[in-house]
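A.B. asks: Got entry12.txt for you, compact mmCIF, C-alpha atoms and all ligand atoms:
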# COMPACT_ATOMS: atom_id res chain seq x y z
CA MET A 1 78.74 16.98 107.48
CA THR A 2 81.18 16.81 110.41
CA THR A 3 80.87 16.33 114.15
CA CYS A 4 81.68 18.65 117.03
CA LYS A 5 84.91 17.63 118.78
CA ARG A 6 83.53 18.57 122.16
CA CYS A 7 79.87 17.50 122.21
CA GLY A 8 79.70 15.23 119.15
CA ALA A 9 76.79 17.09 117.56
CA ALA A 10 76.44 16.85 113.82
CA LEU A 11 77.50 20.09 112.20
CA ALA A 12 77.25 21.46 108.66
CA LEU A 13 80.66 22.12 107.01
CA THR A 14 79.81 25.79 106.66
CA VAL A 15 79.37 26.74 110.38
CA ASN A 16 82.13 28.59 112.27
CA ALA A 17 81.08 27.35 115.75
CA CYS A 18 78.99 24.56 117.26
CA PRO A 19 75.52 25.93 117.96
CA TYR A 20 75.18 23.61 120.98
CA CYS A 21 78.45 23.97 122.94
CA GLY A 22 79.98 27.00 121.21
CA LEU A 23 83.26 25.28 120.22
CA THR A 24 84.94 26.97 117.28
CA THR A 25 85.12 24.74 114.22
CA PRO A 26 88.29 24.58 112.02
CA LEU A 27 86.46 26.79 109.54
CA GLY A 28 85.71 29.21 112.39
CA GLU A 29 89.45 29.25 113.30
CA VAL A 30 90.36 30.19 109.75
CA ALA A 31 87.67 32.89 109.58
CA HIS A 32 88.83 34.29 112.91
CA HIS A 33 92.47 34.49 111.81
CA ARG A 34 91.49 36.10 108.54
CA ALA A 35 89.37 38.72 110.34
CA GLU A 36 92.28 39.49 112.71
CA PHE A 37 94.68 39.78 109.79
CA ASP A 38 92.32 42.14 107.93
CA ALA A 39 91.86 44.31 111.02
CA ARG A 40 95.64 44.62 111.50
CA GLY A 41 96.01 45.55 107.83
CA ARG A 42 93.32 48.23 108.10
CA ALA A 43 94.85 49.65 111.26
CA HIS A 44 98.26 49.82 109.58
CA SER A 45 96.82 51.57 106.51
CA GLU A 46 95.03 54.05 108.74
CA ARG A 47 98.25 54.76 110.68
CA VAL A 48 100.15 55.31 107.42
CA ALA A 49 97.42 57.61 106.04
CA ALA A 50 97.30 59.60 109.29
CA SER A 51 101.07 59.97 109.34
CA GLN A 52 101.07 61.09 105.70
CA ALA A 53 98.32 63.63 106.39
CA GLU A 54 100.24 64.95 109.40
CA GLU A 55 103.41 65.28 107.36
CA ALA A 56 101.49 67.09 104.60
CA ALA A 57 99.97 69.48 107.16
CA ARG A 58 103.39 70.07 108.72
CA VAL A 59 104.89 70.87 105.29
CA ARG A 60 101.99 73.21 104.49
CA VAL A 61 102.31 75.04 107.83
CA ALA A 62 106.07 75.37 107.37
CA LYS A 63 105.60 76.76 103.86
CA LEU A 64 102.93 79.26 104.96
CA ALA A 65 105.11 80.30 107.90
CA SER A 66 108.04 81.04 105.58
CA GLN A 67 105.80 83.00 103.21
CA ALA A 68 104.36 85.04 106.09
CA LEU A 69 107.84 85.87 107.32
CA LEU A 70 108.90 86.86 103.81
CA TRP A 71 105.92 89.21 103.39
CA SER A 72 106.47 90.81 106.78
CA ALA A 73 110.21 91.24 106.17
CA ALA A 74 109.55 92.78 102.74
CA GLY A 75 106.92 95.07 104.25
CA THR A 76 109.41 96.25 106.86
CA ALA A 77 112.25 96.68 104.38
CA LEU A 78 110.16 98.57 101.83
CA CYS A 79 108.08 100.40 104.41
CA CYS A 80 105.02 99.42 102.40
CA LEU A 81 101.66 98.98 104.18
CA PRO A 82 99.98 96.14 102.17
CA LEU A 83 102.98 93.78 102.42
CA GLY A 84 103.09 93.95 106.23
CA LEU A 85 99.34 93.37 106.36
CA VAL A 86 99.69 90.32 104.11
CA GLY A 87 102.46 88.97 106.35
CA ALA A 88 100.45 89.43 109.56
CA ALA A 89 97.28 87.96 108.01
CA GLN A 90 99.15 84.96 106.66
CA ALA A 91 100.81 84.39 110.03
CA ALA A 92 97.38 84.36 111.69
CA GLN A 93 96.11 81.94 109.04
CA THR A 94 99.12 79.68 109.58
CA ARG A 95 98.49 79.64 113.33
CA SER A 96 94.87 78.54 112.95
CA LEU A 97 95.84 75.92 110.35
CA ALA A 98 98.50 74.49 112.66
CA ARG A 99 95.98 74.40 115.50
CA SER A 100 93.30 72.63 113.42
CA GLN A 101 95.80 70.10 112.07
CA ASN A 102 97.41 69.60 115.47
CA VAL A 103 100.84 70.52 114.10
CA ALA A 104 103.55 72.25 116.13
CA LEU A 105 103.71 75.97 115.25
CA PRO A 106 107.11 77.13 113.88
CA ALA A 107 108.65 79.95 115.90
CA ARG A 108 108.94 82.15 112.81
CA VAL A 109 105.14 82.50 112.65
CA ALA A 110 105.14 84.71 115.75
CA VAL A 111 108.06 86.68 114.32
CA ALA A 112 106.20 87.12 111.02
CA PHE A 113 103.03 88.23 112.82
CA TRP A 114 104.64 90.88 115.03
CA LEU A 115 107.00 92.02 112.28
CA GLY A 116 103.99 92.48 109.98
CA ILE A 117 102.16 94.49 112.65
CA ALA A 118 105.26 96.60 113.33
CA SER A 119 105.71 97.18 109.60
CA CYS A 120 102.10 98.41 109.31
CA MET A 121 102.55 100.79 112.23
CA LEU A 122 105.86 102.04 110.88
CA SER A 123 104.49 102.75 107.41
CA THR A 124 101.40 104.44 108.87
CA ALA A 125 103.68 106.65 110.97
CA VAL A 126 105.88 107.48 107.97
CA ALA A 127 102.86 108.31 105.79
CA THR A 128 101.38 110.50 108.53
CA TRP A 129 104.68 112.26 109.06
CA ALA A 130 105.07 112.89 105.31
CA PHE A 131 101.52 114.25 105.10
CA VAL A 132 101.93 116.53 108.12
CA ASP A 133 105.36 117.66 106.95
CA SER A 134 104.22 118.53 103.43
CA ARG A 135 101.22 120.41 104.82
CA HIS A 136 103.51 122.29 107.17
CA GLU A 137 105.85 123.12 104.28
CA ARG A 138 102.96 124.38 102.14
CA HIS A 139 101.75 126.61 104.96
CA ARG A 140 105.25 127.93 105.55
CA VAL A 141 105.69 128.75 101.85
CA ALA A 142 102.23 130.35 101.60
CA ALA A 143 102.98 132.59 104.59
CA ARG A 144 106.43 133.52 103.30
CA THR A 145 105.09 134.22 99.78
CA ALA A 146 102.45 136.55 101.22
CA GLN A 147 105.11 138.35 103.27
CA LEU A 148 107.32 138.75 100.17
CA GLU A 149 104.34 140.09 98.26
CA ARG A 150 103.95 142.83 100.88
CA GLU A 151 107.71 143.56 100.81
CA ILE A 152 107.68 143.89 97.04
CA GLY A 153 104.59 146.09 97.03
CA ALA A 154 104.89 149.07 94.73
CA GLY A 155 108.62 148.40 94.29
CA ALA A 156 107.86 146.09 91.34
CA SER A 157 106.46 148.99 89.34
CA ALA A 158 109.21 151.50 90.27
CA PRO A 159 111.30 152.80 87.34
CA THR A 160 114.44 151.48 88.95
CA LEU A 161 114.58 148.11 90.66
CA ALA A 162 115.74 148.38 94.28
CA ARG A 163 118.02 145.72 95.71
CA ALA A 164 115.59 144.71 98.48
CA VAL A 165 112.79 144.30 95.94
CA ALA A 166 115.09 142.25 93.70
CA CYS A 167 115.92 139.94 96.63
CA ALA A 168 112.22 139.51 97.41
CA LEU A 169 111.34 138.85 93.75
CA ALA A 170 114.11 136.25 93.48
CA GLU A 171 112.99 134.40 96.60
CA GLN A 172 109.36 134.53 95.52
CA ARG A 173 110.27 133.07 92.14
CA ALA A 174 112.30 130.23 93.72
CA LEU A 175 109.48 129.40 96.13
CA LYS A 176 106.84 129.39 93.41
CA VAL A 177 108.70 127.65 90.60
CA GLY A 178 111.41 125.71 92.42
CA TYR A 179 114.88 125.27 91.02
CA ASP A 180 116.68 122.54 89.08
CA GLY A 181 113.77 120.12 89.48
CA GLU A 182 113.48 120.66 93.23
CA PRO A 183 110.06 121.88 94.40
CA GLY A 184 109.96 125.42 95.74
CA GLU A 185 108.49 124.38 99.09
CA ARG A 186 111.65 122.38 99.80
CA LEU A 187 113.99 125.32 99.26
CA ASP A 188 115.26 127.14 102.31
CA ASP A 189 117.97 129.40 103.74
CA PHE A 190 117.79 132.15 101.13
CA THR A 191 120.79 134.48 101.15
CA CYS A 192 120.89 137.66 99.10
CA VAL A 193 124.25 139.38 99.56
CA GLY A 194 125.70 139.15 96.03
CA ARG A 195 126.51 141.97 93.61
CA PHE A 196 123.43 143.75 92.28
CA ALA A 197 123.28 145.82 89.09
CA ALA A 198 120.21 147.57 87.73
CA GLY A 199 119.49 149.48 84.54
CA THR A 200 116.28 150.95 83.15
CA ASP A 201 114.97 147.73 81.55
CA SER A 202 116.99 144.93 83.10
CA ALA A 203 118.85 144.06 86.26
CA SER A 204 120.98 141.24 87.64
CA LEU A 205 121.61 139.82 91.07
CA GLU A 206 124.61 137.54 91.55
CA ASP A 207 125.30 134.91 94.18
CA PHE A 208 121.72 134.47 95.21
CA SER A 209 121.94 131.27 97.27
CA PHE A 210 119.55 128.82 98.88
CA ARG A 211 119.54 125.29 100.10
CA TYR A 212 117.70 122.06 99.33
CA SER A 213 118.43 119.37 101.93
CA SER A 214 122.24 119.26 101.95
CA THR A 215 122.69 120.89 98.53
CA THR A 216 123.37 124.61 98.31
CA PHE A 217 122.53 126.38 95.07
CA ASN A 218 124.27 129.59 94.09
CA VAL A 219 122.67 131.33 91.12
CA SER A 220 122.43 134.55 89.20
CA THR A 221 118.94 136.02 89.02
CA CYS A 222 118.10 138.08 85.94
CA PHE A 223 115.31 140.68 85.93
CA LYS A 224 113.46 142.41 83.14
CA ARG A 225 111.04 145.23 83.18
CA GLY A 226 107.69 144.81 81.43
CA ALA A 227 104.55 146.24 82.97
CA ILE A 228 106.41 145.58 86.22
CA TRP A 229 109.78 144.14 87.18
CA TYR A 230 109.91 140.34 87.00
CA VAL A 231 112.45 137.54 87.14
CA SER A 232 113.30 136.46 83.59
CA ASP A 233 115.81 133.79 84.48
CA MET A 234 117.61 132.03 87.31
CA ARG A 235 120.87 130.48 86.18
CA THR A 236 124.28 129.29 87.25
CA GLY A 237 126.19 131.57 84.84
CA ALA A 238 126.04 135.34 84.54
CA CYS A 239 122.92 137.07 83.23
CA PRO A 240 122.88 138.10 79.53
CA THR A 241 124.82 141.27 78.81
CA GLY A 242 123.00 144.55 78.62
CA VAL A 243 122.75 144.93 82.35
CA PRO A 244 124.91 147.85 83.45
CA VAL A 245 127.28 147.71 86.37
CA ALA A 246 125.65 148.91 89.56
CA GLY A 247 125.65 152.67 89.75
CA PRO A 248 124.48 155.15 92.36
CA ALA A 249 120.94 154.96 90.96
CA ALA A 250 120.71 151.23 91.47
CA SER A 251 120.01 151.44 95.17
CA ALA A 252 117.60 154.36 94.98
CA GLY A 253 114.31 152.79 95.98
CA ALA A 254 112.17 155.94 96.15
CA LEU A 255 109.55 156.49 93.52
CA PRO A 256 110.34 159.65 91.54
CA GLY A 257 107.26 161.48 90.35
CA GLY A 258 108.94 163.61 87.64
CA PRO A 259 107.93 163.77 83.98
CA ALA A 260 110.94 161.70 82.89
CA SER A 261 109.94 158.73 84.98
CA ALA A 262 106.27 159.07 84.07
CA ALA A 263 107.23 158.72 80.42
CA GLY A 264 109.17 155.52 81.11
CA LYS A 265 106.45 153.96 83.21
CA GLN A 266 104.44 151.20 81.61
CA PRO A 267 100.68 151.06 81.99
CA ASN A 268 99.55 148.35 84.42
ZN ZN A 301 79.47 21.00 120.27
Using the file provided, produce a representation of the structure as structure tokens.
Ligand SMILES: [Zn+2]
C.D. replies:
Amino acid sequence: MTTCKRCGAALALTVNACPYCGLTTPLGEVAHHRAEFDARGRAHSERVAASQAEEAARVRVAKLASQALLWSAAGTALCCLPLGLVGAAQAAQTRSLARSQNVALPARVAVAFWLGIASCMLSTAVATWAFVDSRHERHRVAARTAQLEREIGAGASAPTLARAVACALAEQRALKVGYDGEPGERLDDFTCVGRFAAGTDSASLEDFSFRYSSTTFNVSTCFKRGAIWYVSDMRTGACPTGVPVAGPAASAGALPGGPASAAGKQPN
């Protein structure tokens, strides 16, 4: 037992304050100081934890921002749709994360977002252009092939191959088959002014030229006669021997109806 210093009441040793006058006992002083100390310690721990969490969020946002920028830049450089989309999506994600964590947003997030969007639009435009262009090229080639078909007409079954028919056959072959690995629909600017020689069963056309992009091809076209005249080869060197030098008959395009030519004509 002890007594209260203010009112003299008898107090148990375990009380923190006098129940009569409210004076804090020495035990109460100690308990009060301990409680204050504990509260300060808790507040400090909470401040440290909050600061650590904020730093972690800041690091995470910074990392996401860099990744988003990387995706968007790669998408732009490679002109590849999914990469730009990933960049823009990740930038949006980073922005909402920064907002929820109350972290300052790095400037590169906006760059990543708009770069990603621009990359998507660019690749969509390129893909559309490529699609339209290839369709246009296919139509152009189809129309030209049909026109050549009309120009060739009966000339392919004439006993003697006419120069104009040979030119048309050569162009048709290049458009259909292509040349040197280049697709036929990409070949253009056909020029047919080279030396032409025709015999009864074979013919050759030199310096037949055409263009692919900036490359100009200059080839010899070799013809053979089966059921009709056809292109047997397109090559850089001369055609195989056996083709006579162009004579007066070579340019005669008219269809003779005499017995001699009827004998030489193949059944269709
Ligand atoms: Zn008291």
A.B. asks: As a list in words, please: the residues near region 73-78 of chain A (cut-off 8 Å, only C-alpha atoms, same-chain neighbours under 4 positions excluded).
C.D. replies: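 Within the cut-off, the hits are Leu69, Pro82, Leu83, Gly84, Gly87, Ala112, Leu115, Gly116, Ala118, Ser119, Cys120 and Leu122 of chain A.
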A.B. asks: Using only C-alpha atoms and all ligand atoms, which residues have at least one atom no more than 10 Å from ligand ZN 301 (chain A)? Output them as a list in words.
C.D. replies: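 Using only C-alpha atoms and all ligand atoms, I find these residues within 10 Å of ligand ZN 301 (chain A): Thr3, Cys4, Lys5, Arg6, Cys7, Gly8, Ala9, Ala10, Leu11, Ala17, Cys18, Pro19, Tyr20, Cys21, Gly22, Leu23, Thr24 and Thr25 of chain A.
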A.B. asks: Tell me, as a VMD selection string, which residues lie within 8 Å of Cys192 (chain A), counting only C-alpha atoms; anything in the same chain fewer than 6 positions away does not count.
C.D. replies: chain A and resid 167 207 to 209
A.B. asks: Go through A:Leu169, A:Ala92, A:His33, A:Arg135 one by one, measure the shortest atom-to-atom distance of each to Ala156 (chain A) using all atoms listed in the file, and give the residue with the smallest value.
C.D. replies: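 Under the stated criterion, the closest residue is A:Leu169.
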A.B. asks: Would you mind telling me which residue in A:Ala238, A:Ala65, A:Asp180, A:Trp229 lies nearest to Arg211 (chain A) when using all atoms listed in the file?
C.D. replies: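 Checking each candidate against Arg211 (chain A), we get A:Asp180 as the closest.
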A.B. asks: Find the residues around region 221-227 of chain A up to 9 Å (only C-alpha atoms counted), leave out those fewer than 6 positions away in its own chain, and share them as a VMD selection string.
C.D. replies: chain A and resid 156 to 157 159 161 166 169 to 170 198 200 to 208 233 to 236 238 to 240 265 to 268
A.B. asks: Could you turn the residues from that selection into a file that holds C-alpha atoms, as a compact mmCIF listing (two decimals), keeping the file's coordinate frame?
C.D. replies:
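Output contents, as saved in selection_25.txt:
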# COMPACT_ATOMS: atom_id res chain seq x y z
CA ALA A 156 107.86 146.09 91.34
CA SER A 157 106.46 148.99 89.34
CA PRO A 159 111.30 152.80 87.34
CA LEU A 161 114.58 148.11 90.66
CA ALA A 166 115.09 142.25 93.70
CA LEU A 169 111.34 138.85 93.75
CA ALA A 170 114.11 136.25 93.48
CA ALA A 198 120.21 147.57 87.73
CA THR A 200 116.28 150.95 83.15
CA ASP A 201 114.97 147.73 81.55
CA SER A 202 116.99 144.93 83.10
CA ALA A 203 118.85 144.06 86.26
CA SER A 204 120.98 141.24 87.64
CA LEU A 205 121.61 139.82 91.07
CA GLU A 206 124.61 137.54 91.55
CA ASP A 207 125.30 134.91 94.18
CA PHE A 208 121.72 134.47 95.21
CA ASP A 233 115.81 133.79 84.48
CA MET A 234 117.61 132.03 87.31
CA ARG A 235 120.87 130.48 86.18
CA THR A 236 124.28 129.29 87.25
CA ALA A 238 126.04 135.34 84.54
CA CYS A 239 122.92 137.07 83.23
CA PRO A 240 122.88 138.10 79.53
CA LYS A 265 106.45 153.96 83.21
CA GLN A 266 104.44 151.20 81.61
CA PRO A 267 100.68 151.06 81.99
CA ASN A 268 99.55 148.35 84.42
A.B. asks: Could you please determine the separation between CA of Gly199 (chain A) and CA of Thr160 (chain A) in Å, to one decimal place?
C.D. replies: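 So the two atoms, CA of Gly199 (chain A) and CA of Thr160 (chain A), lie 7.0 Å apart.
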A.B. asks: Leaving out Leu13 (chain A) and any residue of its chain fewer than 5 positions from it, which residues lie within 9 Å of it when counting all atoms listed in the file, given as a ChimeraX atom specification?
C.D. replies: /A:1-2,25,27
